[in-house]
Amino acid sequence: MNNLIKGEKHDWEMVIGLEIHAQVKSNSKLFSSSSTKFGSSPNSQVSLVDAAMPGMLPVINKYCVEQAVRTGVGLNAKINNYSVFDRKNYFYADLPQGYQISQYKYPVVGEGKVTIDFKDGTSKDIRIVRLHLEQDAGKSLHDQNPSKTYVDLNRSGVALMEIVSEPDIRTPDEAGMYISKIRSILMYLDTCDGNMQEGSLRADVNISVRKPGDEYGTRCEIKNLNSIKFIKQAINYEAKRQIEILESGGSIEQNTMLFNTSTGKTRPMRNKEEAHDYRYFPDPDLLPLEISQEEIEEIKSSIPELPDELKNKFIKIYKLSNYDASVLTADKQTSDYFNKSINSDPELKNHAKIIVNWITSELFSLLNKNNFELINSPVPPENLGQLVKLICTNEISGKIAKEVLEDMFSTKKSAREIVDKKGLKQVTDQGEIEKVIDEVIADNQKMVEQYLDGKDKLLGFFVGQAMKLTKGKANPKILNDILKEKLNKKD
Amino acid sequence: MKIDKNTINKIARLSRIKLDDKESEDYIKDLNSILDWVEQLNEVNTENVEPLSNISSSILPKREDVSKDTNSSEEILENAPDKLEGFFAVPKVVE
């Protein structure tokens, strides 16, 4: 695969690292009992701790710690028995404390890795540097009033996991696949709801460019991207910007950038003079976080099957390709659906690939068209299994099956019911098909002559005519075989 | 470590405190004497001594993940210098 971008003078390589902020799925905040519910009226879920009233003390949420450990295990990472909460100091209107409680030198989770799978069957490991727990800030709304910024503190103090990768990513696509994989793991673990629109998962992207083989160049950080599409756009724009500067003899200034989603451009966020000096120091309100080996083992034993394990299982049991299996397991809803579908009938086991195709192409396109999530599919997995069985046992053709599926989708009836009621059962009876073919041949003598004179393409015409007469129900293979046989006999 | 005029200005800016020249001079003197005093600790040999994070040997207290419905907006906004439509209203900050 060629990962390089063509420049004026030579090729360039992108070097990309991601910091992903994933909101911990919990009922209450990291250091207070306020609710974490999304979309409540402004400032209705703010305790005195979240508002940083004098004298308030943080008390850590046990479940959030467990969720961070669980995520660490899912990222194949080292869990640290000892970690420390620090204060990261800065002034902003939506940060009432004047500091964010985060983890600096001693994060709760250390080095790990995740694997991304490419379409061509190859894979790549992206290394994780660390995962730490921290508080989210409040939300500023700049566009509600011409002269004021509005501040809503409902999000203030909600637990976040910051997952930092090594700069192992080389293309915008890899960045997209990496964040999809992290999202998928978080959702299997149920430690984050993965909702990027609501901001439960967002990323900062660090990017630099270099001549292949050179040392890393100076990087810029693009802040707060909340969709995979924007991440890719921002990377592409920023890489081009850096290459243009370097090729015209300039140098890159290390900077924090903002991405404008309507123009597709990045621009610097803060100027150098105001570069932040966070003055990290251990939070005197919080003792170090100690987690015993027993607690870690207990969490490990509660970890569900993760996408990679499931993928390998699917490859082994159903002989699926690495890519098919990774598409199937990327989303827990999809793998659950597949599991239910294939287990609905013992004979389906040998037709896994056909089930995958029907789920990921036909069913997904119907769902997309009608704005449905798989979980609310009008076609339950057992019914899709039944449809595939009808195809595999030659009761209906693939073409008819598409119509049947559309019918199943709109009427919620089973495949069997629709096929029986509409008389769509495939004609496999040799005699019946022969009769139709004889009719077609008799009606089209001229064409038969042309065919025999070497116009092979006309075979399709005869097949079409015969299908028309059977209303598409003739088994295509039997039809083709008999047709060829009969035509060639005429020679 | 010595505190000079630049350092005191930087600290003041980071703390959002405005100092006039006289105040800067005073703070330079104060902070330097505090640092000098603390620096006496450097005379103690701390080799092979683990940093102490906690003198009571207690462990970090944790709470269960139970959310309490606060419906706090009225109380929380009570001290706000300016509020509008349930939000804190602050001078426009656009980055």
# chains A, B, ... in the order shown; residues from 1 in each chain; ligands from 1
>>> interface_residues(of="chain B", to="chain A", cutoff="9 Å", atoms="only C-alpha atoms", output="PyMOL selection string")
chain B and resi 14-16+53-54+58-74+76-77+83-95
>>> residues_around(residues="Gln426 (chain A)", least_positions_apart="2", cutoff="7 Å", atoms="only C-alpha atoms", output="list in words")
Glu395, Ile396, Ser397, Leu424, Thr428, Lys473, Ala474 and Asn475 of chain A
>>> residues_around(residues="Lys18 (chain B)", least_positions_apart="6", cutoff="10 Å", atoms="only C-alpha atoms", output="PyMOL selection string")
chain B and resi 9+12+24
>>> write_last_selection(atoms="C-alpha atoms", output="compact mmCIF listing (two decimals), in the first residue's frame")
# COMPACT_ATOMS: atom_id res chain seq x y z
CA ASN B 9 4.58 39.02 35.95
CA ALA B 12 0.33 37.26 38.05
CA SER B 24 5.39 43.44 42.11
>>> closest_residue(among="B:Ile17, B:Ile11, B:Leu52, B:Met1", to="Val38 (chain B)", atoms="only C-alpha atoms")
B:Met1
>>> atom_distance(atom1="CA of Val164 (chain A)", atom2="CA of Gly121 (chain A)")
26.2 Å
>>> atom_distance(atom1="CA of Gly264 (chain A)", atom2="CA of Tyr178 (chain A)")
21.4 Å
>>> atom_distance(atom1="CA of Gly72 (chain A)", atom2="CA of Ser227 (chain A)")
23.1 Å
>>> closest_residue(among="B:Trp37, B:Ile28, B:Ile55, B:Val49", to="Asp4 (chain B)", atoms="only C-alpha atoms")
B:Ile28
>>> residues_around(residues="Asp117 (chain A)", least_positions_apart="3", cutoff="8 Å", atoms="only C-alpha atoms", output="ChimeraX atom specification")
/A:121-124,322-323,326
>>> residues_around(residues="Ile296 (chain A)", least_positions_apart="2", cutoff="9 Å", atoms="only C-alpha atoms", output="ChimeraX atom specification")
/A:66,69-70,73,79,81,291-294,298-301
>>> closest_residue(among="A:Thr115, A:Leu189, A:Gly17, A:Glu174", to="Gln67 (chain A)", atoms="only C-alpha atoms")
A:Leu189
>>> closest_residue(among="B:Asp36, B:Ile3, B:Ile8, B:Asn48", to="Asp20 (chain B)", atoms="only C-alpha atoms")
B:Ile8
>>> select_by_dssp(residues="chain B", states="strand (DSSP E)", output="list in words")
Lys62, Arg63, Lys83, Leu84, Phe87, Phe88, Ala89, Val90 and Pro91 of chain B
>>> write_last_selection(atoms="C-alpha atoms", output="PDB file, in the first residue's frame")
ATOM      1  CA  LYS B  62     -14.694   5.716  47.097  1.00  0.00           C
ATOM      2  CA  ARG B  63     -18.411   6.078  46.556  1.00  0.00           C
ATOM      3  CA  LYS B  83     -27.573  34.684  34.027  1.00  0.00           C
ATOM      4  CA  LEU B  84     -29.852  34.235  31.018  1.00  0.00           C
ATOM      5  CA  PHE B  87     -27.244  29.648  31.684  1.00  0.00           C
ATOM      6  CA  PHE B  88     -24.387  31.523  33.258  1.00  0.00           C
ATOM      7  CA  ALA B  89     -23.817  34.492  30.990  1.00  0.00           C
ATOM      8  CA  VAL B  90     -20.205  35.609  30.644  1.00  0.00           C
ATOM      9  CA  PRO B  91     -18.464  38.113  28.365  1.00  0.00           C
TER      10      PRO B  91
END
>>> residues_around(residues="region 372-380 of chain A", least_positions_apart="3", cutoff="12 Å", atoms="only C-alpha atoms", output="MDAnalysis selection string")
chainID A and resid 331:342 344 358:360 362:369 383:387 404:415
>>> residues_around(residues="Val436 (chain A)", least_positions_apart="6", cutoff="12 Å", atoms="only C-alpha atoms", output="short mmCIF file (atom, residue, chain, number, x, y, z; two decimals) with C-alpha atoms, in the first residue's frame")
data_model
loop_
_atom_site.label_atom_id
_atom_site.label_comp_id
_atom_site.auth_asym_id
_atom_site.auth_seq_id
_atom_site.Cartn_x
_atom_site.Cartn_y
_atom_site.Cartn_z
CA VAL A 427 -39.31 -24.12 -10.33
CA ASP A 429 -38.85 -29.48 -11.93
CA GLN A 430 -36.95 -30.48 -15.07
CA ALA A 442 -40.57 -22.48 -30.94
CA ASP A 443 -41.55 -18.81 -30.68
CA PHE A 462 -33.48 -17.02 -24.29
CA VAL A 463 -32.84 -17.16 -20.54
CA GLY A 464 -34.67 -13.85 -20.16
CA GLN A 465 -37.65 -15.06 -22.17
CA ALA A 466 -37.89 -18.27 -20.19
CA MET A 467 -37.64 -16.38 -16.91
CA LYS A 468 -40.37 -14.07 -18.02
CA LEU A 469 -42.67 -16.99 -18.69
CA THR A 470 -41.94 -18.48 -15.25
CA LYS A 471 -42.21 -15.07 -13.57
CA LYS A 473 -39.11 -18.53 -10.64
CA ALA A 474 -37.13 -20.98 -12.76
CA LEU A 479 -32.66 -23.40 -16.89
CA ILE A 482 -31.33 -27.42 -20.25
CA LEU A 483 -31.36 -24.45 -22.61
CA LYS A 486 -31.51 -28.15 -26.27
#
